[in-house]
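Undergrad: Below is the structure I would like to discuss, written out as structure tokens.
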Amino acid sequence: MPVTVVARRRTPGVRVTAVRADTRRLLVALGEARAEVTVSLVDDAEIHRLNRDYRRKDRPTDVLAFAMREGRRAPGDDAILGDVVISVDTAARQARQRRATTADEVRALLIHGLLHLLGYDHERSAAEARRMHAMERRLHKVLTMG
């Protein structure tokens with residue numbers, strides 16, 4: 001399973017090796033052990049540009065997911081799941097508000113982003129939001145229970 005983690009913004013307490021290992025464990029738990037994923041750790045300015053350009057929302061956000069399994073497909077691209085982009089600036093702020101570590105917040109955003117890559121969408125309906133949140137809790141346990 002090719003998992004690439006790109007840290008364009010370094011943040012104390014957030015290790016690329018840990019994000020890569022968490023991504024691999026999550027993909028196995030999701031039945032996507034062979035999936036290719038890229039996780040980018042960026043600052044607020046970069047995620048703001050991406051959010052504005054791709055979602056027409058002119059503000060930073062915490063996580064974006066760019067799914068490669070939507071729309072037209074090319075033969076042989078079955079393994080490519082997509083990209084998750086996480087703002088470590090926003091993650092750090094949210095972690096402080098929740099009295100958690102930035103690494104824990106990045107982990108939660110990674111889970112959220114991966115589920116979006118697989119088609120989960122909490123904005124679609126209340127039922128879908130409940131389904132997604134239940135899966136987020138399940139995947140969090142996968143990572144914290146060892």
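Chain labels run A, B, ... following the order of the structure tokens; each chain numbers its residues from 1, and ligands are numbered from 1 in the order shown.
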Would you kindly return, as JSON, numbers by chain, each protein, DNA or RNA residue with an atom no farther than 12 Å from any atom of Gln94 in chain A, considering only C-alpha atoms and excluding same-chain residues fewer than 4 positions away?
TA: {"A": [61, 62, 63, 87, 88, 89, 90, 98, 99, 100, 101, 102, 103, 104, 105, 106, 108, 109]}
Undergrad: With only C-alpha atoms counted and 6 Å as the cut-off, give the residues of range 57-139 of chain A in contact with range 26-37 of chain A, each with its shortest interatomic distance in Å and the pair that gives it, as JSON lines.
TA:
```
{"residue": "A:Ala79", "atom": "CA", "partner": "A:Ala35", "partner_atom": "CA", "distance": 4.6}
{"residue": "A:Ile80", "atom": "CA", "partner": "A:Glu36", "partner_atom": "CA", "distance": 4.7}
{"residue": "A:Leu81", "atom": "CA", "partner": "A:Glu36", "partner_atom": "CA", "distance": 5.6}
{"residue": "A:Gly82", "atom": "CA", "partner": "A:Val37", "partner_atom": "CA", "distance": 5.3}
{"residue": "A:Asp83", "atom": "CA", "partner": "A:Val37", "partner_atom": "CA", "distance": 5.7}
```
Undergrad: Would you return as an NGL selection string the members of chain A that DSSP assigns to alpha helix (DSSP H) on this structure's backbone?
TA: :A and (16-29 or 44-55 or 88-98 or 102-117 or 126-144)
Undergrad: Grab the residues selected above and save them as a CSV table (one decimal), in the first residue's frame with C-alpha atoms.
TA:
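Printed below is result_31.csv as written:
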```csv
chain,number,residue,atom,x,y,z
A,16,VAL,CA,5.4,12.0,9.5
A,17,THR,CA,6.2,8.4,10.4
A,18,ALA,CA,3.3,8.3,12.8
A,19,VAL,CA,0.9,9.8,10.2
A,20,ARG,CA,2.1,7.2,7.7
A,21,ALA,CA,1.7,4.3,10.1
A,22,ASP,CA,-1.8,5.5,11.2
A,23,THR,CA,-2.8,5.8,7.5
A,24,ARG,CA,-1.7,2.3,6.8
A,25,ARG,CA,-3.6,0.9,9.8
A,26,LEU,CA,-6.7,2.8,8.9
A,27,LEU,CA,-6.6,1.6,5.3
A,28,VAL,CA,-6.3,-2.1,6.5
A,29,ALA,CA,-9.3,-1.5,8.9
A,44,ASP,CA,-3.6,27.6,6.8
A,45,ALA,CA,-2.6,29.7,3.7
A,46,GLU,CA,-2.2,26.6,1.5
A,47,ILE,CA,-5.4,25.0,2.6
A,48,HIS,CA,-7.2,28.3,2.2
A,49,ARG,CA,-6.1,28.5,-1.4
A,50,LEU,CA,-7.2,24.9,-2.0
A,51,ASN,CA,-10.6,25.4,-0.3
A,52,ARG,CA,-11.2,28.6,-2.4
A,53,ASP,CA,-10.1,27.1,-5.7
A,54,TYR,CA,-11.8,23.7,-5.4
A,55,ARG,CA,-14.7,24.3,-3.1
A,88,VAL,CA,-1.7,21.6,10.9
A,89,ASP,CA,-2.3,25.3,11.9
A,90,THR,CA,-6.0,24.6,12.2
A,91,ALA,CA,-5.4,21.3,13.8
A,92,ALA,CA,-3.3,22.9,16.5
A,93,ARG,CA,-5.9,25.5,17.2
A,94,GLN,CA,-8.7,22.9,17.4
A,95,ALA,CA,-6.5,20.7,19.6
A,96,ARG,CA,-6.0,23.6,22.1
A,97,GLN,CA,-9.8,24.2,22.2
A,98,ARG,CA,-10.4,20.5,22.9
A,102,THR,CA,-2.1,18.4,17.9
A,103,ALA,CA,-1.1,14.8,17.0
A,104,ASP,CA,-4.5,13.6,18.2
A,105,GLU,CA,-6.3,16.2,16.2
A,106,VAL,CA,-4.3,15.4,13.1
A,107,ARG,CA,-5.3,11.7,13.6
A,108,ALA,CA,-9.0,12.7,13.9
A,109,LEU,CA,-8.7,14.8,10.7
A,110,LEU,CA,-6.9,11.9,8.9
A,111,ILE,CA,-9.8,9.6,9.8
A,112,HIS,CA,-12.4,12.2,8.6
A,113,GLY,CA,-10.5,12.8,5.3
A,114,LEU,CA,-10.1,9.1,4.5
A,115,LEU,CA,-13.8,8.5,5.0
A,116,HIS,CA,-14.6,11.3,2.6
A,117,LEU,CA,-12.3,9.6,0.1
A,126,ALA,CA,-28.4,13.6,9.1
A,127,ALA,CA,-28.4,9.9,8.7
A,128,GLU,CA,-25.2,10.0,6.7
A,129,ALA,CA,-23.7,12.2,9.3
A,130,ARG,CA,-24.5,9.7,12.0
A,131,ARG,CA,-23.1,6.9,9.9
A,132,MET,CA,-19.9,8.8,9.3
A,133,HIS,CA,-19.5,9.8,13.0
A,134,ALA,CA,-20.0,6.1,14.0
A,135,MET,CA,-17.3,5.0,11.6
A,136,GLU,CA,-15.0,7.8,12.9
A,137,ARG,CA,-15.4,6.5,16.4
A,138,ARG,CA,-14.8,2.9,15.3
A,139,LEU,CA,-11.6,3.9,13.4
A,140,HIS,CA,-10.4,6.0,16.3
A,141,LYS,CA,-10.6,2.8,18.5
A,142,VAL,CA,-8.6,0.9,15.9
A,143,LEU,CA,-5.7,3.4,16.3
A,144,THR,CA,-5.9,3.9,20.1
```
Undergrad: What is the distance between CA of Thr11 in chain A and CA of Pro60 in chain A, in Å to one decimal?
TA: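 Separation of CA of Thr11 in chain A and CA of Pro60 in chain A: 17.2 Å.
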